[in-house]
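Below is structure.txt, which holds compact mmCIF, C-alpha atoms.
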# COMPACT_ATOMS: atom_id res chain seq x y z
CA MET A 30 15.62 -26.61 -17.17
CA ALA A 31 19.09 -25.19 -17.71
CA SER A 32 19.49 -21.46 -17.25
CA TRP A 33 19.58 -19.17 -20.26
CA ARG A 34 22.22 -17.01 -18.64
CA GLY A 35 25.59 -17.05 -20.33
CA MET A 36 26.66 -17.60 -23.90
CA ARG A 37 23.49 -19.11 -25.28
CA LEU A 38 21.64 -15.91 -24.37
CA ARG A 39 23.24 -14.14 -27.36
CA ASP A 40 21.51 -16.53 -29.72
CA ALA A 41 18.26 -16.35 -27.78
CA LEU A 42 18.17 -12.59 -28.27
CA ARG A 43 18.30 -12.61 -32.09
CA LEU A 44 14.62 -11.98 -32.65
CA TYR A 45 12.78 -10.94 -29.53
CA VAL A 46 9.02 -10.51 -29.92
CA ILE A 47 6.99 -8.62 -27.33
CA THR A 48 3.26 -9.22 -26.99
CA ASP A 49 0.77 -6.40 -27.23
CA ARG A 50 -2.92 -7.16 -27.15
CA ALA A 51 -3.89 -3.78 -28.60
CA LEU A 52 -1.84 -4.37 -31.76
CA ALA A 53 -2.89 -7.98 -32.26
CA ARG A 54 -6.20 -7.03 -33.89
CA GLY A 55 -8.22 -9.64 -32.07
CA ARG A 56 -5.77 -12.47 -32.49
CA SER A 57 -4.86 -14.22 -29.23
CA GLU A 58 -1.38 -14.00 -27.72
CA ARG A 59 -1.12 -17.74 -28.16
CA GLU A 60 -1.82 -17.48 -31.89
CA ILE A 61 0.59 -14.58 -32.39
CA VAL A 62 3.38 -16.24 -30.44
CA HIS A 63 2.84 -19.58 -32.17
CA GLN A 64 3.20 -17.91 -35.56
CA ALA A 65 6.13 -15.75 -34.44
CA ILE A 66 8.06 -18.79 -33.23
CA ALA A 67 7.24 -20.65 -36.44
CA GLY A 68 8.78 -17.70 -38.30
CA GLY A 69 11.96 -17.74 -36.22
CA ALA A 70 11.40 -15.72 -33.04
CA THR A 71 14.02 -16.72 -30.46
CA ALA A 72 12.58 -14.90 -27.44
CA ILE A 73 9.07 -13.96 -26.36
CA GLN A 74 8.16 -11.32 -23.81
CA LEU A 75 4.79 -11.17 -22.12
CA ARG A 76 4.03 -7.49 -21.64
CA TRP A 77 0.88 -6.91 -19.65
CA LYS A 78 -0.24 -3.36 -18.99
CA THR A 79 -3.99 -3.57 -18.48
CA GLY A 80 -6.54 -6.05 -17.26
CA PRO A 81 -6.52 -8.38 -14.29
CA LEU A 82 -3.45 -10.39 -13.44
CA SER A 83 -5.49 -13.58 -13.49
CA GLU A 84 -5.85 -13.09 -17.25
CA ALA A 85 -2.10 -12.45 -17.58
CA LEU A 86 -1.51 -15.69 -15.71
CA ARG A 87 -3.81 -17.62 -18.00
CA VAL A 88 -2.16 -16.21 -21.14
CA GLY A 89 1.28 -16.51 -19.57
CA ARG A 90 0.82 -20.23 -18.90
CA GLU A 91 0.00 -20.77 -22.57
CA LEU A 92 3.06 -18.83 -23.71
CA ARG A 93 5.26 -20.51 -21.11
CA GLU A 94 4.26 -23.91 -22.47
CA LEU A 95 4.73 -22.89 -26.11
CA CYS A 96 8.18 -21.45 -25.44
CA SER A 97 9.30 -24.47 -23.42
CA ARG A 98 8.20 -26.81 -26.16
CA GLU A 99 9.98 -24.79 -28.85
CA GLY A 100 13.11 -23.99 -26.87
CA VAL A 101 12.41 -20.26 -26.95
CA LEU A 102 13.37 -17.84 -24.17
CA PHE A 103 10.27 -16.72 -22.23
CA VAL A 104 10.46 -13.35 -20.48
CA VAL A 105 7.93 -11.43 -18.38
CA ASN A 106 7.89 -7.64 -18.38
CA ASP A 107 7.98 -5.60 -15.14
CA ARG A 108 6.12 -7.95 -12.78
CA VAL A 109 8.75 -10.06 -11.10
CA ASP A 110 6.05 -11.86 -9.14
CA LEU A 111 4.30 -12.85 -12.37
CA ALA A 112 7.64 -14.12 -13.71
CA LEU A 113 8.04 -16.22 -10.56
CA ALA A 114 4.48 -17.51 -10.79
CA LEU A 115 4.99 -18.51 -14.43
CA ASP A 116 8.45 -19.94 -13.87
CA ALA A 117 9.66 -17.62 -16.62
CA ASP A 118 13.18 -17.89 -18.04
CA GLY A 119 13.63 -14.18 -17.66
CA VAL A 120 12.22 -10.90 -16.42
CA HIS A 121 12.63 -7.49 -18.00
CA VAL A 122 12.66 -4.26 -15.98
CA GLY A 123 12.95 -0.60 -16.89
CA VAL A 124 14.18 2.45 -15.02
CA SER A 125 10.87 2.98 -13.21
CA ASP A 126 10.42 -0.72 -12.32
CA LEU A 127 12.06 -2.67 -9.51
CA PRO A 128 15.84 -2.09 -9.54
CA VAL A 129 18.02 -4.81 -11.09
CA ALA A 130 19.72 -5.70 -7.78
CA GLU A 131 16.36 -6.22 -6.04
CA THR A 132 15.07 -8.17 -9.01
CA ARG A 133 18.11 -10.44 -8.78
CA ARG A 134 17.41 -10.99 -5.07
CA LEU A 135 13.92 -12.15 -5.95
CA VAL A 136 14.63 -14.43 -8.89
CA GLY A 137 17.89 -16.09 -7.85
CA ASP A 138 20.82 -16.81 -10.11
CA GLN A 139 19.15 -18.93 -12.80
CA VAL A 140 16.76 -16.37 -14.25
CA VAL A 141 17.77 -13.94 -16.99
CA ILE A 142 17.31 -10.26 -16.14
CA GLY A 143 16.92 -7.70 -18.90
CA PHE A 144 17.06 -3.97 -18.30
CA SER A 145 16.21 -0.92 -20.40
CA PRO A 146 18.76 1.79 -19.64
CA GLU A 147 18.30 5.37 -20.77
CA THR A 148 21.95 6.33 -20.34
CA VAL A 149 25.36 4.71 -20.64
CA GLU A 150 25.81 5.12 -16.91
CA GLN A 151 22.57 3.25 -16.16
CA ALA A 152 23.70 0.52 -18.55
CA ARG A 153 26.97 0.06 -16.67
CA GLU A 154 25.22 0.10 -13.29
CA ALA A 155 22.70 -2.51 -14.44
CA GLU A 156 25.49 -4.77 -15.65
CA ALA A 157 27.23 -4.45 -12.29
CA ALA A 158 23.95 -5.13 -10.48
CA GLY A 159 23.42 -8.40 -12.31
CA ALA A 160 21.56 -7.67 -15.55
CA ASP A 161 22.17 -10.22 -18.32
CA TYR A 162 21.19 -8.13 -21.32
CA LEU A 163 20.05 -4.62 -22.18
CA GLY A 164 17.18 -3.41 -24.32
CA VAL A 165 18.17 -0.10 -25.86
CA GLY A 166 15.80 2.27 -27.59
CA PRO A 167 13.69 3.52 -29.05
CA VAL A 168 16.25 3.21 -31.86
CA PHE A 169 13.77 4.61 -34.38
CA PRO A 170 10.53 6.55 -33.87
CA THR A 171 7.73 4.27 -32.64
CA VAL A 172 4.03 4.53 -32.01
CA THR A 173 3.81 1.43 -29.81
CA LYS A 174 5.11 3.08 -26.67
CA PRO A 175 3.97 6.71 -26.63
CA ASP A 176 5.80 7.14 -23.30
CA ALA A 177 9.10 5.92 -24.69
CA GLY A 178 10.38 9.36 -25.59
CA PRO A 179 12.16 10.48 -28.77
CA ALA A 180 14.25 8.03 -30.79
CA VAL A 181 17.78 7.64 -29.45
CA GLY A 182 19.27 6.50 -32.73
CA LEU A 183 21.85 3.94 -33.77
CA GLU A 184 24.68 5.92 -32.17
CA HIS A 185 23.15 5.34 -28.76
CA VAL A 186 23.02 1.59 -29.37
CA GLN A 187 26.65 1.79 -30.39
CA ARG A 188 27.68 3.76 -27.28
CA ILE A 189 25.94 1.41 -24.88
CA ALA A 190 27.06 -1.78 -26.63
CA ALA A 191 30.64 -0.50 -26.42
CA ALA A 192 30.29 0.33 -22.72
CA VAL A 193 29.15 -3.09 -21.45
CA ARG A 194 30.05 -6.75 -21.89
CA ILE A 195 26.48 -8.06 -21.73
CA PRO A 196 24.51 -8.34 -24.97
CA VAL A 197 22.36 -5.48 -26.22
CA VAL A 198 19.15 -5.70 -28.22
CA GLY A 199 17.77 -2.73 -30.09
CA ILE A 200 14.10 -1.87 -29.71
CA GLY A 201 11.72 0.70 -31.16
CA GLY A 202 10.58 1.15 -34.73
CA ILE A 203 12.64 -1.76 -36.00
CA THR A 204 11.60 -3.36 -39.30
CA ALA A 205 13.19 -5.76 -41.77
CA GLU A 206 14.48 -2.65 -43.61
CA ASN A 207 16.49 -1.22 -40.71
CA ALA A 208 17.22 -4.28 -38.53
CA GLY A 209 20.58 -4.89 -40.23
CA ALA A 210 21.84 -1.46 -39.20
CA VAL A 211 20.91 -2.17 -35.57
CA ILE A 212 23.04 -5.32 -35.59
CA ARG A 213 25.89 -3.46 -37.26
CA ALA A 214 25.68 -0.88 -34.46
CA GLY A 215 26.58 -3.63 -32.01
CA ALA A 216 23.29 -5.23 -31.01
CA VAL A 217 23.06 -9.03 -30.92
CA GLY A 218 19.42 -8.93 -31.89
CA VAL A 219 16.28 -6.86 -32.28
CA ALA A 220 13.16 -6.60 -30.17
CA VAL A 221 9.93 -5.84 -31.99
CA ILE A 222 6.29 -5.38 -31.20
CA SER A 223 4.30 -3.91 -34.06
CA ALA A 224 6.53 -5.22 -36.88
CA VAL A 225 5.50 -8.76 -35.91
CA VAL A 226 2.44 -8.57 -33.64
CA GLY A 227 0.73 -6.08 -35.95
CA ALA A 228 1.65 -7.85 -39.20
CA ASP A 229 -0.99 -9.40 -41.43
CA ASP A 230 1.19 -12.47 -41.68
CA VAL A 231 2.98 -12.80 -38.35
CA ARG A 232 5.01 -15.82 -39.39
CA LEU A 233 6.26 -14.17 -42.58
CA ALA A 234 7.13 -10.93 -40.75
CA ALA A 235 9.16 -12.87 -38.17
CA MET A 236 10.88 -14.87 -40.90
CA GLN A 237 11.94 -11.74 -42.79
CA LEU A 238 13.29 -10.05 -39.66
CA ARG A 239 15.11 -13.16 -38.56
CA SER A 240 16.86 -13.60 -41.89
CA VAL A 241 18.01 -9.96 -41.89
CA VAL A 242 19.34 -10.34 -38.33
CA ASP A 243 21.09 -13.62 -39.14
CA ALA A 244 22.71 -12.16 -42.27
CA ALA A 245 23.91 -9.06 -40.40
CA ARG A 246 25.24 -11.17 -37.53
CA ALA A 247 27.14 -13.38 -39.96
CA GLU A 248 28.73 -10.27 -41.48
CA GLN A 249 29.81 -9.08 -38.02
CA SER A 250 31.53 -12.27 -36.90
CA MET B 17 -2.88 -17.17 10.59
CA ASN B 18 -5.09 -17.71 13.62
CA PRO B 19 -8.44 -16.11 12.69
CA ARG B 20 -8.48 -14.19 15.97
CA SER B 21 -5.18 -12.55 15.07
CA VAL B 22 -6.46 -11.18 11.77
CA PRO B 23 -6.44 -7.37 12.04
CA ARG B 24 -9.77 -5.64 12.62
CA LEU B 25 -9.17 -2.05 11.58
CA HIS B 26 -7.61 -1.96 8.12
CA LEU B 27 -6.46 1.28 6.56
CA ILE B 28 -6.00 1.29 2.79
CA THR B 29 -3.80 3.95 1.25
CA ASP B 30 -5.12 6.16 -1.53
CA LEU B 31 -2.67 8.73 -2.83
CA THR B 32 -5.50 10.74 -4.39
CA VAL B 33 -6.99 11.24 -0.91
CA CYS B 34 -3.82 11.58 1.15
CA SER B 35 -0.30 12.20 -0.15
CA PHE B 36 2.38 9.72 0.74
CA ALA B 37 4.34 12.30 2.73
CA ARG B 38 1.29 13.12 4.85
CA LEU B 39 0.51 9.43 5.30
CA CYS B 40 4.00 8.82 6.67
CA GLU B 41 3.56 11.72 9.04
CA LEU B 42 0.20 10.38 10.24
CA LEU B 43 1.19 6.74 10.57
CA PRO B 44 2.60 6.63 14.10
CA LYS B 45 -0.57 8.34 15.38
CA LEU B 46 -2.84 6.04 13.40
CA VAL B 47 -1.09 2.91 14.62
CA HIS B 48 -1.26 4.24 18.16
CA ALA B 49 -4.96 4.92 17.65
CA GLY B 50 -5.54 1.28 16.86
CA VAL B 51 -5.19 0.82 13.11
CA ASP B 52 -3.78 -2.70 13.01
CA ALA B 53 -3.30 -3.25 9.27
CA ILE B 54 -2.07 -0.80 6.66
CA HIS B 55 -2.48 -1.81 3.03
CA LEU B 56 -0.09 -0.17 0.61
CA ARG B 57 -2.29 0.29 -2.43
CA ALA B 58 -1.23 2.65 -5.21
CA PRO B 59 -2.60 1.57 -8.58
CA GLY B 60 -0.77 3.16 -11.49
CA VAL B 61 2.40 3.77 -9.48
CA ALA B 62 5.43 2.08 -11.07
CA ALA B 63 7.10 -0.70 -9.12
CA GLY B 64 10.25 1.30 -8.47
CA ASP B 65 8.31 4.02 -6.64
CA LEU B 66 6.10 1.46 -4.93
CA TRP B 67 9.21 -0.25 -3.60
CA GLU B 68 10.43 3.08 -2.20
CA MET B 69 7.07 3.62 -0.51
CA ALA B 70 7.04 0.09 0.85
CA GLN B 71 10.43 0.61 2.49
CA ALA B 72 9.28 3.87 4.06
CA LEU B 73 6.14 2.19 5.43
CA ARG B 74 8.10 -0.81 6.68
CA ARG B 75 10.20 1.49 8.83
CA ARG B 76 7.09 3.05 10.34
CA ILE B 77 4.72 0.14 10.80
CA VAL B 78 5.56 -1.89 13.85
CA PRO B 79 3.78 -4.69 15.72
CA PRO B 80 1.01 -5.16 16.51
CA ALA B 81 0.17 -3.30 13.28
CA LEU B 82 0.80 -5.19 10.05
CA LEU B 83 2.02 -3.90 6.68
CA LEU B 84 0.23 -5.56 3.79
CA VAL B 85 1.13 -4.88 0.16
CA ASN B 86 -1.72 -4.82 -2.31
CA ASP B 87 -1.35 -7.03 -5.38
CA ARG B 88 2.44 -7.05 -5.79
CA LEU B 89 4.03 -10.08 -4.20
CA ASP B 90 7.45 -8.98 -5.46
CA VAL B 91 7.32 -5.69 -3.56
CA ALA B 92 5.95 -7.47 -0.48
CA LEU B 93 8.84 -9.94 -0.52
CA LEU B 94 11.45 -7.23 -0.90
CA CYS B 95 10.20 -5.02 1.91
CA GLN B 96 9.45 -7.98 4.17
CA ALA B 97 5.84 -7.04 4.47
CA ASP B 98 3.67 -8.98 6.89
CA GLY B 99 1.50 -10.13 4.05
CA VAL B 100 -0.09 -9.59 0.69
CA HIS B 101 -3.60 -8.43 -0.05
CA LEU B 102 -4.75 -9.69 -3.43
CA PRO B 103 -7.32 -8.12 -5.72
CA GLU B 104 -10.14 -10.43 -6.77
CA GLY B 105 -8.29 -11.04 -10.06
CA GLY B 106 -4.81 -11.20 -8.54
CA LEU B 107 -2.27 -13.97 -8.08
CA PRO B 108 -3.42 -17.36 -6.79
CA VAL B 109 -2.96 -17.82 -3.04
CA HIS B 110 -0.77 -20.91 -3.37
CA VAL B 111 1.74 -18.98 -5.50
CA VAL B 112 1.88 -16.23 -2.90
CA ARG B 113 2.28 -18.65 0.01
CA ASN B 114 5.02 -20.59 -1.79
CA HIS B 115 7.14 -17.47 -1.89
CA LEU B 116 6.09 -15.67 1.28
CA GLY B 117 6.70 -18.53 3.64
CA GLU B 118 5.20 -19.24 7.04
CA GLY B 119 3.61 -16.73 9.32
CA ARG B 120 2.58 -14.23 6.65
CA VAL B 121 -0.95 -13.09 5.96
CA VAL B 122 -2.72 -13.51 2.65
CA GLY B 123 -6.13 -11.98 2.02
CA ARG B 124 -8.25 -11.17 -0.98
CA SER B 125 -10.82 -8.57 -1.99
CA VAL B 126 -14.11 -10.14 -3.06
CA HIS B 127 -17.24 -8.63 -4.49
CA SER B 128 -19.61 -11.59 -4.49
CA LEU B 129 -20.53 -14.59 -2.39
CA GLU B 130 -19.10 -16.86 -5.05
CA ALA B 131 -15.74 -15.06 -5.11
CA ALA B 132 -15.70 -15.12 -1.29
CA ARG B 133 -16.21 -18.89 -1.26
CA THR B 134 -13.45 -19.36 -3.85
CA ALA B 135 -11.05 -17.20 -1.85
CA ALA B 136 -11.77 -19.16 1.33
CA ALA B 137 -11.35 -22.48 -0.47
CA GLU B 138 -7.96 -21.48 -1.89
CA GLY B 139 -6.67 -20.76 1.59
CA CYS B 140 -6.97 -17.02 2.23
CA ASP B 141 -6.58 -15.93 5.83
CA TYR B 142 -9.40 -13.43 5.41
CA VAL B 143 -11.43 -11.64 2.76
CA ILE B 144 -12.43 -8.03 2.36
CA TYR B 145 -16.01 -7.82 1.13
CA GLY B 146 -17.78 -4.78 -0.23
CA ASN B 147 -18.74 -2.24 -0.96
CA VAL B 148 -21.24 -2.60 1.86
CA PHE B 149 -22.46 1.00 1.70
CA GLU B 150 -22.18 3.59 -1.02
CA THR B 151 -18.76 5.15 -1.12
CA ALA B 152 -16.95 8.01 -2.83
CA SER B 153 -14.04 5.62 -3.42
CA LYS B 154 -16.20 3.65 -5.86
CA PRO B 155 -18.57 6.17 -7.37
CA GLY B 156 -21.55 4.58 -9.05
CA ALA B 157 -21.03 1.17 -7.43
CA ALA B 158 -24.30 0.14 -5.80
CA ALA B 159 -24.09 -0.71 -2.11
CA ARG B 160 -24.27 -4.44 -1.48
CA GLY B 161 -25.82 -3.93 1.92
CA LEU B 162 -25.65 -5.56 5.34
CA ASP B 163 -27.74 -8.59 4.38
CA ALA B 164 -25.31 -9.55 1.64
CA LEU B 165 -22.44 -9.04 4.08
CA ARG B 166 -24.16 -11.32 6.62
CA GLU B 167 -24.62 -13.95 3.93
CA VAL B 168 -20.87 -13.90 3.16
CA VAL B 169 -19.98 -14.02 6.87
CA ASN B 170 -22.26 -17.01 7.40
CA ALA B 171 -20.92 -18.87 4.37
CA LEU B 172 -17.25 -18.54 5.34
CA ARG B 173 -15.19 -19.91 8.19
CA ILE B 174 -12.51 -17.25 7.75
CA PRO B 175 -12.78 -13.65 8.97
CA VAL B 176 -14.68 -11.23 6.76
CA ILE B 177 -13.62 -7.59 6.73
CA ALA B 178 -16.28 -5.16 5.54
CA ILE B 179 -15.42 -2.25 3.27
CA GLY B 180 -17.23 0.61 1.58
CA GLY B 181 -18.74 3.67 3.20
CA ILE B 182 -18.29 2.42 6.74
CA THR B 183 -18.36 5.18 9.36
CA PRO B 184 -17.81 4.68 13.10
CA ASP B 185 -21.59 5.01 13.53
CA ARG B 186 -22.13 2.08 11.21
CA VAL B 187 -19.57 -0.18 12.88
CA PRO B 188 -22.01 -1.76 15.41
CA ALA B 189 -24.40 -2.77 12.64
CA VAL B 190 -21.52 -4.11 10.56
CA ARG B 191 -20.14 -6.08 13.49
CA ALA B 192 -23.63 -7.40 14.28
CA THR B 193 -23.47 -9.34 10.99
CA GLY B 194 -20.53 -11.27 12.41
CA ALA B 195 -17.99 -9.37 10.34
CA HIS B 196 -14.57 -9.55 11.94
CA GLY B 197 -13.53 -5.99 11.18
CA VAL B 198 -13.66 -3.06 8.80
CA ALA B 199 -11.45 -1.54 6.12
CA VAL B 200 -11.39 2.20 5.64
CA ILE B 201 -9.93 4.74 3.24
CA ARG B 202 -11.68 8.10 3.40
CA GLY B 203 -13.23 7.52 6.81
CA ILE B 204 -9.76 8.03 8.21
CA LEU B 205 -7.62 9.64 5.51
CA ALA B 206 -10.17 12.30 4.52
CA ALA B 207 -11.12 13.13 8.11
CA ASP B 208 -10.20 16.50 9.57
CA ASP B 209 -8.45 14.65 12.36
CA PRO B 210 -7.42 11.22 11.05
CA ALA B 211 -6.09 10.00 14.40
CA ALA B 212 -9.35 10.93 16.13
CA ALA B 213 -11.27 9.16 13.38
CA ALA B 214 -9.14 6.04 13.83
CA ARG B 215 -9.83 6.13 17.57
CA ALA B 216 -13.56 6.44 16.91
CA TYR B 217 -13.49 3.35 14.69
CA ARG B 218 -11.50 1.45 17.25
CA ARG B 219 -13.86 2.40 20.09
CA ALA B 220 -16.85 1.41 18.01
CA MET B 221 -15.17 -1.90 17.22
CA ASP B 222 -14.08 -2.72 20.74
CA GLY B 223 -17.44 -1.69 22.15
CA VAL B 224 -19.00 -4.71 20.47
CA SER B 225 -18.29 -8.13 21.90
CA ASP B 226 -16.38 -10.50 19.70
CA GLY B 227 -19.53 -12.55 19.15
CA TRP B 228 -19.82 -16.24 18.88
CA ARG B 229 -17.97 -17.01 15.70
CA PHE B 230 -14.50 -17.96 16.88
CA VAL B 231 -15.32 -19.11 20.39
Represent the supplied structure as structure tokens.
Amino acid sequence: MASWRGMRLRDALRLYVITDRALARGRSEREIVHQAIAGGATAIQLRWKTGPLSEALRVGRELRELCSREGVLFVVNDRVDLALALDADGVHVGVSDLPVAETRRLVGDQVVIGFSPETVEQAREAEAAGADYLGVGPVFPTVTKPDAGPAVGLEHVQRIAAAVRIPVVGIGGITAENAGAVIRAGAVGVAVISAVVGADDVRLAAMQLRSVVDAARAEQS
Amino acid sequence: MNPRSVPRLHLITDLTVCSFARLCELLPKLVHAGVDAIHLRAPGVAAGDLWEMAQALRRRIVPPALLLVNDRLDVALLCQADGVHLPEGGLPVHVVRNHLGEGRVVGRSVHSLEAARTAAAEGCDYVIYGNVFETASKPGAAARGLDALREVVNALRIPVIAIGGITPDRVPAVRATGAHGVAVIRGILAADDPAAAARAYRRAMDGVSDGWRFV
């Protein structure tokens, strides 16, 4: 399949939904992702923090298939080897994960690499090292990632988006109420966990977020 | 890998028993003493730090000793490890071999006869089976015993490495089951003199004839 790197990545990053088993309240990743895509999710990230990798592989194969069928970007968090095993479209690494340059060596030039910088300098370095997009946050306070530190705010999104050419997505505490401001700060899209994965109606939650993002993007262009 | 070439004295890192700095300091002595496989295992350590550790070990682990990375194929590929050691629930062997290429070692930890058979059928070079005796590394885990080890050895055509509470004194009995070798954490890393402990394991291992299995 054609690479997602390049211009079409900006559209693929509009509504980026990250899986989290703990927030899914018993619903399977497959069910959540199916509903999220039906509501307008444009990217899905498999984030696997506990449990055996064999289970991540099983779930990942399901999500891989769903995303391929629906033309949605499929990204794996942290484990580059899992991304390779699942033939993922992308892999996302943070400051304590494998460095972007090493990740690029492993995945070749077709796979999208996302990076979560903490500073403007890290953002620039990641771009130079071959990252395709940046996840910046937490924009607002969040309970999903207790280790994520205090909210960095919209100004930080603005600073990083202004410092790099690659697209930026905002992450952390984003809801349909504040997603528009994130786009206006310079992000091409928003990444969410609890706002979609934890919603009673996953499809509806994705739909609402997507329409806010689309409206804000239309304003910007 | 030729079964005969599979390492016999495996050392598995445990940062709660021995700090990484001390491990690096000990390594040349341990390799000289006859440790022929070092498994980088550091659950809970982020990949960035693991990659740093892997590079440091790669610089220090030279033939005939092998550097094996536990679980993470990506780190193993980057540091040009000699192989990957998979947890029972880790990546499938064919995925690992596809990326690692020829001449690299792939093994798996197994905790039952069934898992051992599966690992052998999917093409592992060896399995680590245990825990054979009670061990402080797995508190509360009942020892599987020498009979169960023998059963695994007899069921498999690939080398079986025994793990769990194995002391140099117990090596002859372990080897008498037909087990190819032993894997050790505390037996070496928690010893007052780790290099002397490694030598004791090696002597105990070499004192037993290779047996009939691969003749």
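Closest approach to chain B from the set A:Ala70, A:Ile47, A:Leu102, A:Leu111 is made by A:Leu111, with distances taken over only C-alpha atoms.
Excluding Arg90 (chain A) itself and same-chain residues fewer than 6 positions from it, the residues having an atom within 10 Å of it are Arg59, Glu84, Cys96, Ala114, Leu115, Asp116 and Ala117 of chain A, counting all atoms listed in the file.
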Do me a favour and pick out the residues of chain A within 12 Å of chain B, using only C-alpha atoms, as a ChimeraX atom specification. /A:78-87,106-116,122-136
How many Å lie between CA of His101 (chain B) and CA of Asp185 (chain B), rounded to one decimal? 26.2 Å
From (7.2, -16.0, -32.4), in the file's coordinates, out to 9 Å: which residues are reached, counting all atoms listed in the file? Answer as a ChimeraX atom specification. /A:44-47,61-73,96,101,225-226,231-232,235
Include C-alpha atoms and write out the residues we just selected as a PDB file, in the coordinates of the input.
ATOM      1  CA  LEU A  44      14.620 -11.980 -32.650  1.00  0.00           C
ATOM      2  CA  TYR A  45      12.780 -10.940 -29.530  1.00  0.00           C
ATOM      3  CA  VAL A  46       9.020 -10.510 -29.920  1.00  0.00           C
ATOM      4  CA  ILE A  47       6.990  -8.620 -27.330  1.00  0.00           C
ATOM      5  CA  ILE A  61       0.590 -14.580 -32.390  1.00  0.00           C
ATOM      6  CA  VAL A  62       3.380 -16.240 -30.440  1.00  0.00           C
ATOM      7  CA  HIS A  63       2.840 -19.580 -32.170  1.00  0.00           C
ATOM      8  CA  GLN A  64       3.200 -17.910 -35.560  1.00  0.00           C
ATOM      9  CA  ALA A  65       6.130 -15.750 -34.440  1.00  0.00           C
ATOM     10  CA  ILE A  66       8.060 -18.790 -33.230  1.00  0.00           C
ATOM     11  CA  ALA A  67       7.240 -20.650 -36.440  1.00  0.00           C
ATOM     12  CA  GLY A  68       8.780 -17.700 -38.300  1.00  0.00           C
ATOM     13  CA  GLY A  69      11.960 -17.740 -36.220  1.00  0.00           C
ATOM     14  CA  ALA A  70      11.400 -15.720 -33.040  1.00  0.00           C
ATOM     15  CA  THR A  71      14.020 -16.720 -30.460  1.00  0.00           C
ATOM     16  CA  ALA A  72      12.580 -14.900 -27.440  1.00  0.00           C
ATOM     17  CA  ILE A  73       9.070 -13.960 -26.360  1.00  0.00           C
ATOM     18  CA  CYS A  96       8.180 -21.450 -25.440  1.00  0.00           C
ATOM     19  CA  VAL A 101      12.410 -20.260 -26.950  1.00  0.00           C
ATOM     20  CA  VAL A 225       5.500  -8.760 -35.910  1.00  0.00           C
ATOM     21  CA  VAL A 226       2.440  -8.570 -33.640  1.00  0.00           C
ATOM     22  CA  VAL A 231       2.980 -12.800 -38.350  1.00  0.00           C
ATOM     23  CA  ARG A 232       5.010 -15.820 -39.390  1.00  0.00           C
ATOM     24  CA  ALA A 235       9.160 -12.870 -38.170  1.00  0.00           C
TER      25      ALA A 235
END
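Within 12 Å of the point (-24.7, -16.2, 8.5) in file coordinates, and counting only C-alpha atoms, lie the residues Leu129, Leu162, Asp163, Ala164, Leu165, Arg166, Glu167, Val168, Val169, Asn170, Ala171, Leu172, Arg173, Val176, Ala192, Thr193, Gly194, Ala195, Trp228 and Arg229 of chain B.
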